[in-house]
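Structure file target_6.cif with mmCIF, C-alpha atoms and all ligand atoms:
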data_query
loop_
_atom_site.label_atom_id
_atom_site.label_comp_id
_atom_site.auth_asym_id
_atom_site.auth_seq_id
_atom_site.Cartn_x
_atom_site.Cartn_y
_atom_site.Cartn_z
CA VAL X 1152 0.00 0.00 0.00
CA ARG X 1153 1.30 3.42 -0.93
CA ARG X 1154 1.02 6.04 1.78
CA LEU X 1155 -1.42 8.89 1.19
CA THR X 1156 0.18 12.29 0.68
CA VAL X 1157 -0.44 15.77 2.02
CA PRO X 1158 -1.54 17.06 -1.44
CA ALA X 1159 -4.01 14.16 -1.69
CA ILE X 1160 -5.51 15.18 1.66
CA ALA X 1161 -5.61 18.85 0.62
CA LYS X 1162 -7.65 17.90 -2.47
CA ARG X 1163 -10.41 16.47 -0.28
CA LYS X 1164 -11.77 19.97 0.49
CA GLY X 1165 -15.52 19.88 -0.07
CA ALA X 1166 -15.28 16.28 -1.27
CA GLU X 1167 -14.97 12.96 0.57
CA PRO X 1168 -14.74 13.48 4.37
CA VAL X 1169 -11.28 13.15 5.90
CA VAL X 1170 -10.94 10.61 8.72
CA MET X 1171 -8.41 11.31 11.48
CA LEU X 1172 -7.76 9.68 14.86
CA THR X 1173 -4.93 10.15 17.29
CA ALA X 1174 -2.41 7.35 17.79
CA TYR X 1175 0.56 7.14 20.13
CA THR X 1176 1.89 3.59 19.79
CA ALA X 1177 2.94 1.30 16.94
CA ARG X 1178 0.34 -1.41 17.53
CA MET X 1179 -2.56 1.02 17.83
CA ALA X 1180 -1.36 2.80 14.69
CA GLN X 1181 -1.38 -0.57 12.89
CA LEU X 1182 -4.98 -1.20 13.93
CA LEU X 1183 -6.26 2.27 13.03
CA ASP X 1184 -4.27 2.79 9.84
CA PRO X 1185 -6.51 0.90 7.36
CA HIS X 1186 -9.51 2.97 8.47
CA CYS X 1187 -7.96 6.44 8.61
CA ASP X 1188 -6.58 9.04 6.22
CA LEU X 1189 -4.56 10.85 8.87
CA LEU X 1190 -3.05 9.64 12.14
CA LEU X 1191 -2.33 12.44 14.58
CA VAL X 1192 0.35 11.98 17.20
CA GLY X 1193 -1.33 14.53 19.42
CA ASP X 1194 0.23 16.15 22.46
CA SER X 1195 -2.91 14.79 24.14
CA LEU X 1196 -0.50 11.91 24.83
CA GLY X 1197 0.47 13.97 27.88
CA GLN X 1198 -2.85 13.16 29.51
CA VAL X 1199 -3.62 9.92 27.69
CA ILE X 1200 -0.26 8.14 28.04
CA TYR X 1201 1.64 10.00 30.74
CA GLY X 1202 -1.07 11.06 33.21
CA LEU X 1203 -0.13 14.74 32.99
CA ASP X 1204 -2.80 17.32 33.80
CA THR X 1205 -2.23 19.54 30.73
CA THR X 1206 -0.37 19.40 27.41
CA VAL X 1207 1.89 22.22 28.62
CA LYS X 1208 4.22 19.63 30.21
CA VAL X 1209 4.70 17.51 27.08
CA THR X 1210 8.27 17.41 25.75
CA LEU X 1211 9.71 17.23 22.23
CA GLU X 1212 11.39 13.94 23.16
CA MET X 1213 8.00 12.39 23.99
CA MET X 1214 6.54 13.56 20.68
CA ILE X 1215 9.48 12.20 18.69
CA ALA X 1216 9.51 8.80 20.43
CA HIS X 1217 5.77 8.25 19.94
CA GLY X 1218 5.81 9.82 16.47
CA ALA X 1219 8.47 7.37 15.28
CA ALA X 1220 6.45 4.47 16.73
CA VAL X 1221 3.29 5.55 14.87
CA VAL X 1222 5.17 5.93 11.58
CA ARG X 1223 6.61 2.42 12.04
CA GLY X 1224 3.15 1.01 12.70
CA SER X 1225 1.37 2.61 9.74
CA TYR X 1226 1.50 2.20 5.97
CA ARG X 1227 -1.37 4.17 4.51
CA SER X 1228 -2.20 7.21 6.63
CA VAL X 1229 -0.47 10.56 6.59
CA VAL X 1230 1.15 10.92 10.02
CA VAL X 1231 0.96 14.39 11.59
CA ILE X 1232 2.86 15.24 14.76
CA ASP X 1233 1.96 17.98 17.24
CA LEU X 1234 4.71 20.46 18.03
CA PRO X 1235 4.68 20.66 21.82
CA PHE X 1236 4.26 23.83 23.88
CA GLY X 1237 7.37 25.98 24.05
CA THR X 1238 9.14 24.53 21.01
CA TYR X 1239 7.80 26.75 18.20
CA GLU X 1240 6.02 29.90 19.41
CA GLU X 1241 9.05 32.13 19.86
CA SER X 1242 10.00 32.57 16.21
CA PRO X 1243 9.62 31.05 12.75
CA GLU X 1244 13.28 29.96 12.99
CA ALA X 1245 12.70 28.12 16.27
CA ALA X 1246 9.61 26.48 14.79
CA TYR X 1247 11.57 25.44 11.70
CA ARG X 1248 14.34 23.83 13.77
CA THR X 1249 11.80 21.94 15.86
CA ALA X 1250 9.68 20.84 12.90
CA ALA X 1251 12.70 19.75 10.85
CA ARG X 1252 13.93 17.64 13.76
CA VAL X 1253 10.49 16.08 14.18
CA LEU X 1254 10.20 15.13 10.51
CA ARG X 1255 13.82 13.92 10.32
CA GLU X 1256 13.68 11.77 13.43
CA THR X 1257 10.19 10.29 12.94
CA GLY X 1258 9.59 10.04 9.20
CA ALA X 1259 6.22 11.79 9.56
CA ALA X 1260 4.97 14.00 6.72
CA ALA X 1261 3.60 17.03 8.56
CA VAL X 1262 3.47 18.91 11.84
CA LYS X 1263 0.59 20.56 13.67
CA LEU X 1264 0.80 23.72 15.74
CA GLU X 1265 -1.74 25.73 17.73
CA GLY X 1266 -2.61 29.38 17.25
CA GLY X 1267 -4.25 31.85 14.89
CA ALA X 1268 -3.07 35.03 13.19
CA VAL X 1269 -0.05 35.30 15.48
CA MET X 1270 1.30 32.00 14.08
CA ALA X 1271 0.60 32.86 10.42
CA PRO X 1272 4.16 34.10 9.65
CA THR X 1273 5.55 30.90 11.19
CA ILE X 1274 3.23 28.70 9.13
CA ARG X 1275 4.29 30.57 5.97
CA PHE X 1276 7.98 30.17 6.93
CA LEU X 1277 7.63 26.39 7.35
CA VAL X 1278 5.44 25.82 4.28
CA ASP X 1279 7.82 27.84 2.06
CA ARG X 1280 10.64 25.55 3.23
CA GLY X 1281 8.84 22.28 2.46
CA ILE X 1282 7.24 21.46 5.80
CA PRO X 1283 3.48 20.85 5.53
CA VAL X 1284 1.60 22.41 8.44
CA MET X 1285 -1.77 21.56 9.97
CA ALA X 1286 -3.08 24.50 11.99
CA HIS X 1287 -5.31 24.29 15.09
CA VAL X 1288 -7.78 27.05 16.00
CA GLY X 1289 -10.66 27.60 18.41
CA LEU X 1290 -10.05 25.81 21.68
CA THR X 1291 -6.26 25.47 21.79
CA PRO X 1292 -5.36 23.35 24.83
CA GLN X 1293 -1.75 24.56 25.05
CA ALA X 1294 -3.22 28.00 25.93
CA VAL X 1295 -5.21 26.58 28.87
CA ASN X 1296 -3.44 28.89 31.31
CA ALA X 1297 -4.56 31.93 29.33
CA LEU X 1298 -8.03 30.62 28.44
CA GLY X 1299 -8.76 29.45 31.99
CA GLY X 1300 -10.27 26.12 30.96
CA TYR X 1301 -11.55 23.96 28.15
CA GLY X 1302 -14.99 25.52 27.56
CA ALA X 1303 -16.40 25.93 24.05
CA ARG X 1304 -15.19 29.03 22.19
CA GLY X 1305 -16.99 31.49 19.97
CA ARG X 1306 -20.05 32.12 22.12
CA SER X 1307 -19.65 35.92 22.03
CA GLU X 1308 -19.73 37.89 18.79
CA ALA X 1309 -16.24 39.29 19.46
CA GLU X 1310 -14.71 35.87 20.12
CA ARG X 1311 -16.47 34.44 17.08
CA ALA X 1312 -15.06 37.17 14.82
CA LYS X 1313 -11.56 36.68 16.29
CA ILE X 1314 -11.57 32.91 15.70
CA LEU X 1315 -12.92 33.31 12.15
CA SER X 1316 -10.17 35.79 11.30
CA ASP X 1317 -7.58 33.50 12.94
CA ALA X 1318 -8.76 30.64 10.71
CA GLN X 1319 -8.56 32.85 7.62
CA ALA X 1320 -5.06 34.00 8.59
CA VAL X 1321 -3.63 30.50 9.02
CA ALA X 1322 -5.31 29.40 5.79
CA ALA X 1323 -3.80 32.36 3.91
CA ALA X 1324 -0.41 31.42 5.38
CA GLY X 1325 -0.62 28.08 3.56
CA CYS X 1326 -1.62 25.38 6.05
CA PHE X 1327 -2.96 22.32 4.18
CA ALA X 1328 -5.57 21.66 6.85
CA MET X 1329 -6.69 22.96 10.22
CA VAL X 1330 -8.18 21.39 13.29
CA VAL X 1331 -11.20 23.38 14.48
CA GLU X 1332 -11.71 22.43 18.11
CA GLY X 1333 -14.42 23.22 20.65
CA VAL X 1334 -16.34 26.01 18.90
CA VAL X 1335 -20.03 26.68 18.43
CA GLU X 1336 -21.38 24.84 15.42
CA GLY X 1337 -22.24 27.91 13.34
CA LEU X 1338 -18.70 29.21 13.63
CA ALA X 1339 -17.23 25.88 12.50
CA ILE X 1340 -19.52 25.96 9.48
CA ASP X 1341 -18.54 29.58 8.66
CA ILE X 1342 -14.85 28.68 8.91
CA THR X 1343 -15.27 25.62 6.70
CA ARG X 1344 -17.07 27.67 4.04
CA SER X 1345 -14.65 30.59 4.13
CA VAL X 1346 -11.24 28.87 4.02
CA PRO X 1347 -9.76 27.05 1.01
CA CYS X 1348 -8.14 24.32 3.10
CA VAL X 1349 -9.53 21.22 4.77
CA THR X 1350 -11.12 21.75 8.19
CA ILE X 1351 -11.06 18.87 10.65
CA GLY X 1352 -13.59 19.23 13.42
CA ILE X 1353 -13.57 18.07 17.02
CA GLY X 1354 -16.48 19.51 18.93
CA ALA X 1355 -17.17 21.61 15.85
CA ALA X 1356 -19.64 20.64 13.08
CA ALA X 1357 -20.61 17.68 10.89
CA GLU X 1358 -20.09 20.06 7.93
CA CYS X 1359 -16.34 20.21 8.53
CA ASP X 1360 -14.23 18.56 5.80
CA GLY X 1361 -13.19 15.86 8.27
CA GLN X 1362 -13.37 14.80 11.90
CA VAL X 1363 -10.89 13.80 14.59
CA LEU X 1364 -11.20 12.23 18.04
CA VAL X 1365 -8.68 11.22 20.68
CA VAL X 1366 -8.59 7.45 20.21
CA ASP X 1367 -8.62 6.55 23.90
CA ASP X 1368 -11.68 8.78 24.37
CA MET X 1369 -13.64 7.17 21.52
CA LEU X 1370 -12.69 3.70 22.74
CA GLY X 1371 -14.15 4.44 26.17
CA MET X 1372 -10.88 4.35 28.11
CA PHE X 1373 -11.91 7.30 30.31
CA ASP X 1374 -14.94 7.92 32.53
CA ARG X 1375 -14.95 11.68 32.10
CA VAL X 1376 -14.89 12.91 28.52
CA PRO X 1377 -15.99 16.18 26.88
CA ARG X 1378 -19.44 16.49 25.34
CA PHE X 1379 -18.00 16.20 21.83
CA VAL X 1380 -16.74 12.65 22.39
CA LYS X 1381 -18.88 9.78 21.21
CA ARG X 1382 -17.79 6.53 22.81
CA PHE X 1383 -17.68 3.81 20.18
CA ASP X 1384 -16.69 1.16 22.74
CA ASP X 1385 -16.24 0.72 26.48
CA LEU X 1386 -12.69 -0.65 26.65
CA ALA X 1387 -12.12 0.52 30.23
CA SER X 1388 -14.73 -1.86 31.61
CA ARG X 1389 -13.61 -4.68 29.32
CA ILE X 1390 -9.99 -4.27 30.48
CA SER X 1391 -11.07 -4.19 34.14
CA ALA X 1392 -13.13 -7.34 33.65
CA ALA X 1393 -10.23 -9.14 31.96
CA ALA X 1394 -7.80 -8.13 34.73
CA ALA X 1395 -10.28 -9.25 37.42
CA ASP X 1396 -10.77 -12.60 35.64
CA TYR X 1397 -6.99 -13.13 35.44
CA ALA X 1398 -6.46 -12.14 39.08
CA GLY X 1399 -9.18 -14.53 40.25
CA ARG X 1400 -7.71 -17.42 38.29
CA VAL X 1401 -4.19 -16.78 39.58
CA ARG X 1402 -5.44 -16.62 43.18
CA THR X 1403 -7.38 -19.90 42.81
CA ARG X 1404 -4.61 -21.63 40.80
CA GLN X 1405 -6.94 -22.00 37.80
CA PHE X 1406 -4.31 -20.34 35.63
CA PRO X 1407 -2.16 -21.57 34.00
CA THR X 1408 -3.83 -24.73 32.76
CA GLU X 1409 -2.52 -27.58 30.62
CA ALA X 1410 -2.98 -25.54 27.42
CA GLN X 1411 -0.41 -22.97 28.54
CA LEU X 1412 2.22 -25.38 29.89
CA TYR X 1413 5.29 -27.00 28.33
CA ARG X 1414 5.21 -30.68 29.14
O1 LIG X 1501 -3.52 16.51 20.83
C1 LIG X 1501 -4.55 16.12 20.23
O2 LIG X 1501 -5.01 14.98 20.36
C2 LIG X 1501 -5.20 17.08 19.33
C3 LIG X 1501 -6.50 16.68 18.72
C4 LIG X 1501 -7.58 16.61 19.74
C5 LIG X 1501 -6.87 17.56 17.58
O3 LIG X 1501 -4.67 18.13 19.12
NA NA X 1502 -2.88 18.65 20.42
#

Take the structure in the file and give it back as structure tokens.
Ligand code: KIV
Ligand code: NA
Amino acid sequence: VRRLTVPAIAKRKGAEPVVMLTAYTARMAQLLDPHCDLLLVGDSLGQVIYGLDTTVKVTLEMMIAHGAAVVRGSYRSVVVIDLPFGTYEESPEAAYRTAARVLRETGAAAVKLEGGAVMAPTIRFLVDRGIPVMAHVGLTPQAVNALGGYGARGRSEAERAKILSDAQAVAAAGCFAMVVEGVVEGLAIDITRSVPCVTIGIGAAAECDGQVLVVDDMLGMFDRVPRFVKRFDDLASRISAAAADYAGRVRTRQFPTEAQLYR
């Protein structure tokens, strides 16, 4: 199977919906890959894999290690890697150094970074130098300390206008796609209609050009998830049940049995 390309994804604007899930490990990437167009190594791995309280604490080394694992586990999907907090915001040059290292050390095809108009010159700088960029507007979790939480964005007219102009600015700067996260539905629709690039919604609108979810959320690995998560399975309870079954059998010497023994 030949891997999809960034230009092939970009062409999906207004056409066939783009399917994206996060992935952090090789085996999960392998399982998701046949069903997805994009695999995102999100900095959500801070909470999902490492038990951190925010993505602000995620390091570049974490992103590179998990990014390389996801590239090794996938054959078809375009792999996109989040640039972590503090590794790109300062200047286009800093962002370029970080992004180049990420692509070189993982084999991924694109990076994602958070922010609106203020990041437009950086996006332009990277795109002009051959690094495809996915933008991320609306609710931007790396800015949690400034936003004060993870509530939906775009409820006031002023905030709505700001986020729409942010989306237009990152699109004009050349991003091939943008995540639109945690915004009122009408705003997500307006953004999707007014930018030439693919929009990928999460807590946004069905009209977006694609959708993304955090894989552990959609698999039901967590009890508390945002409104925008639909749980497609309940893995947490299935894992608990399997562990309880195993523990009971060990304690009663019902495991191992003949089938598992070398005789
Ligand atoms: O880190 C992440 O998983 C993300 C997606 C939710 C878009 O940025
Ligand atoms: Na992220």

Compile a residue-level contact table for chain X against ligand NA 1502 (chain X) at a cut-off of 8 Å, reporting for every qualifying residue the shortest atom pair and its distance in Å to one decimal, with all atoms listed in the file counted, rows ordered by chain and ascending number, as a Markdown table.
| residue | atom | partner | partner_atom | distance |
| --- | --- | --- | --- | --- |
| X:Gly1193 | CA | X:NA1502 | NA | 4.5 |
| X:Asp1194 | CA | X:NA1502 | NA | 4.5 |
| X:Ser1195 | CA | X:NA1502 | NA | 5.4 |
| X:Thr1206 | CA | X:NA1502 | NA | 7.5 |
| X:Asp1233 | CA | X:NA1502 | NA | 5.8 |
| X:Pro1235 | CA | X:NA1502 | NA | 7.9 |
| X:Lys1263 | CA | X:NA1502 | NA | 7.8 |
| X:Leu1264 | CA | X:NA1502 | NA | 7.8 |
| X:Glu1265 | CA | X:NA1502 | NA | 7.7 |
| X:Thr1291 | CA | X:NA1502 | NA | 7.7 |
| X:Pro1292 | CA | X:NA1502 | NA | 6.9 |
| X:Gln1293 | CA | X:NA1502 | NA | 7.6 |

Expected answer as a tab-separated table (two decimals) with C-alpha atoms, in the coordinates of the input: residues within 7 Å of ligand LIG 1501 (chain X), all atoms listed in the file:
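Resulting contents of out-v6.tsv:
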chain	number	residue	atom	x	y	z
X	1173	THR	CA	-4.93	10.15	17.29
X	1191	LEU	CA	-2.33	12.44	14.58
X	1192	VAL	CA	0.35	11.98	17.20
X	1193	GLY	CA	-1.33	14.53	19.42
X	1194	ASP	CA	0.23	16.15	22.46
X	1195	SER	CA	-2.91	14.79	24.14
X	1196	LEU	CA	-0.50	11.91	24.83
X	1233	ASP	CA	1.96	17.98	17.24
X	1330	VAL	CA	-8.18	21.39	13.29
X	1332	GLU	CA	-11.71	22.43	18.11
X	1353	ILE	CA	-13.57	18.07	17.02
X	1363	VAL	CA	-10.89	13.80	14.59
X	1364	LEU	CA	-11.20	12.23	18.04
X	1365	VAL	CA	-8.68	11.22	20.68

* Atom-to-atom span, atom CA of X:Tyr1301 and atom CA of X:Pro1347, Å -> 27.4 Å

* Asked: Counting all atoms listed in the file, what is within 9 Å of stretch 1267-1283 of chain X, bar same-chain residues fewer than 4 positions away, as a PyMOL selection string?
  -> chain X and resi 1157+1239-1240+1242-1244+1246-1247+1250-1251+1254+1260-1263+1287-1289+1313-1314+1316-1327

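Taking all atoms listed in the file into account, X:Gly1299 lies nearest to X:Thr1205 out of the set X:Val1169, X:Thr1205, X:Thr1343, X:Ala1259.
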
* Asked: Using all atoms listed in the file, which of X:Arg1378, X:Thr1408, X:Leu1183, X:Val1334 sits nearest X:Cys1359?
  ->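 Looking only at the distances to X:Cys1359, the closest residue turns out to be X:Val1334.
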
Skip X:Gly1352 itself and residues of its chain fewer than 2 positions away, then list as a PDB file with C-alpha atoms, in the coordinates of the input all residues within 8 Å of it, counting only C-alpha atoms.
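This went into part.pdb:
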ATOM      1  CA  VAL X1330      -8.180  21.390  13.290  1.00  0.00           C
ATOM      2  CA  VAL X1331     -11.200  23.380  14.480  1.00  0.00           C
ATOM      3  CA  GLU X1332     -11.710  22.430  18.110  1.00  0.00           C
ATOM      4  CA  ALA X1339     -17.230  25.880  12.500  1.00  0.00           C
ATOM      5  CA  THR X1350     -11.120  21.750   8.190  1.00  0.00           C
ATOM      6  CA  GLY X1354     -16.480  19.510  18.930  1.00  0.00           C
ATOM      7  CA  ALA X1355     -17.170  21.610  15.850  1.00  0.00           C
ATOM      8  CA  ALA X1356     -19.640  20.640  13.080  1.00  0.00           C
ATOM      9  CA  ALA X1357     -20.610  17.680  10.890  1.00  0.00           C
ATOM     10  CA  CYS X1359     -16.340  20.210   8.530  1.00  0.00           C
ATOM     11  CA  ASP X1360     -14.230  18.560   5.800  1.00  0.00           C
ATOM     12  CA  GLY X1361     -13.190  15.860   8.270  1.00  0.00           C
ATOM     13  CA  GLN X1362     -13.370  14.800  11.900  1.00  0.00           C
ATOM     14  CA  VAL X1363     -10.890  13.800  14.590  1.00  0.00           C
TER      15      VAL X1363
END

Writing C-alpha atoms and nothing else, produce stretch 1168-1205 of chain X as a CSV table (one decimal), in the first residue's frame.
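In the end it all went to part.csv:
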chain,number,residue,atom,x,y,z
X,1168,PRO,CA,-14.7,13.5,4.4
X,1169,VAL,CA,-11.3,13.2,5.9
X,1170,VAL,CA,-10.9,10.6,8.7
X,1171,MET,CA,-8.4,11.3,11.5
X,1172,LEU,CA,-7.8,9.7,14.9
X,1173,THR,CA,-4.9,10.2,17.3
X,1174,ALA,CA,-2.4,7.4,17.8
X,1175,TYR,CA,0.6,7.1,20.1
X,1176,THR,CA,1.9,3.6,19.8
X,1177,ALA,CA,2.9,1.3,16.9
X,1178,ARG,CA,0.3,-1.4,17.5
X,1179,MET,CA,-2.6,1.0,17.8
X,1180,ALA,CA,-1.4,2.8,14.7
X,1181,GLN,CA,-1.4,-0.6,12.9
X,1182,LEU,CA,-5.0,-1.2,13.9
X,1183,LEU,CA,-6.3,2.3,13.0
X,1184,ASP,CA,-4.3,2.8,9.8
X,1185,PRO,CA,-6.5,0.9,7.4
X,1186,HIS,CA,-9.5,3.0,8.5
X,1187,CYS,CA,-8.0,6.4,8.6
X,1188,ASP,CA,-6.6,9.0,6.2
X,1189,LEU,CA,-4.6,10.8,8.9
X,1190,LEU,CA,-3.1,9.6,12.1
X,1191,LEU,CA,-2.3,12.4,14.6
X,1192,VAL,CA,0.3,12.0,17.2
X,1193,GLY,CA,-1.3,14.5,19.4
X,1194,ASP,CA,0.2,16.2,22.5
X,1195,SER,CA,-2.9,14.8,24.1
X,1196,LEU,CA,-0.5,11.9,24.8
X,1197,GLY,CA,0.5,14.0,27.9
X,1198,GLN,CA,-2.9,13.2,29.5
X,1199,VAL,CA,-3.6,9.9,27.7
X,1200,ILE,CA,-0.3,8.1,28.0
X,1201,TYR,CA,1.6,10.0,30.7
X,1202,GLY,CA,-1.1,11.1,33.2
X,1203,LEU,CA,-0.1,14.7,33.0
X,1204,ASP,CA,-2.8,17.3,33.8
X,1205,THR,CA,-2.2,19.5,30.7
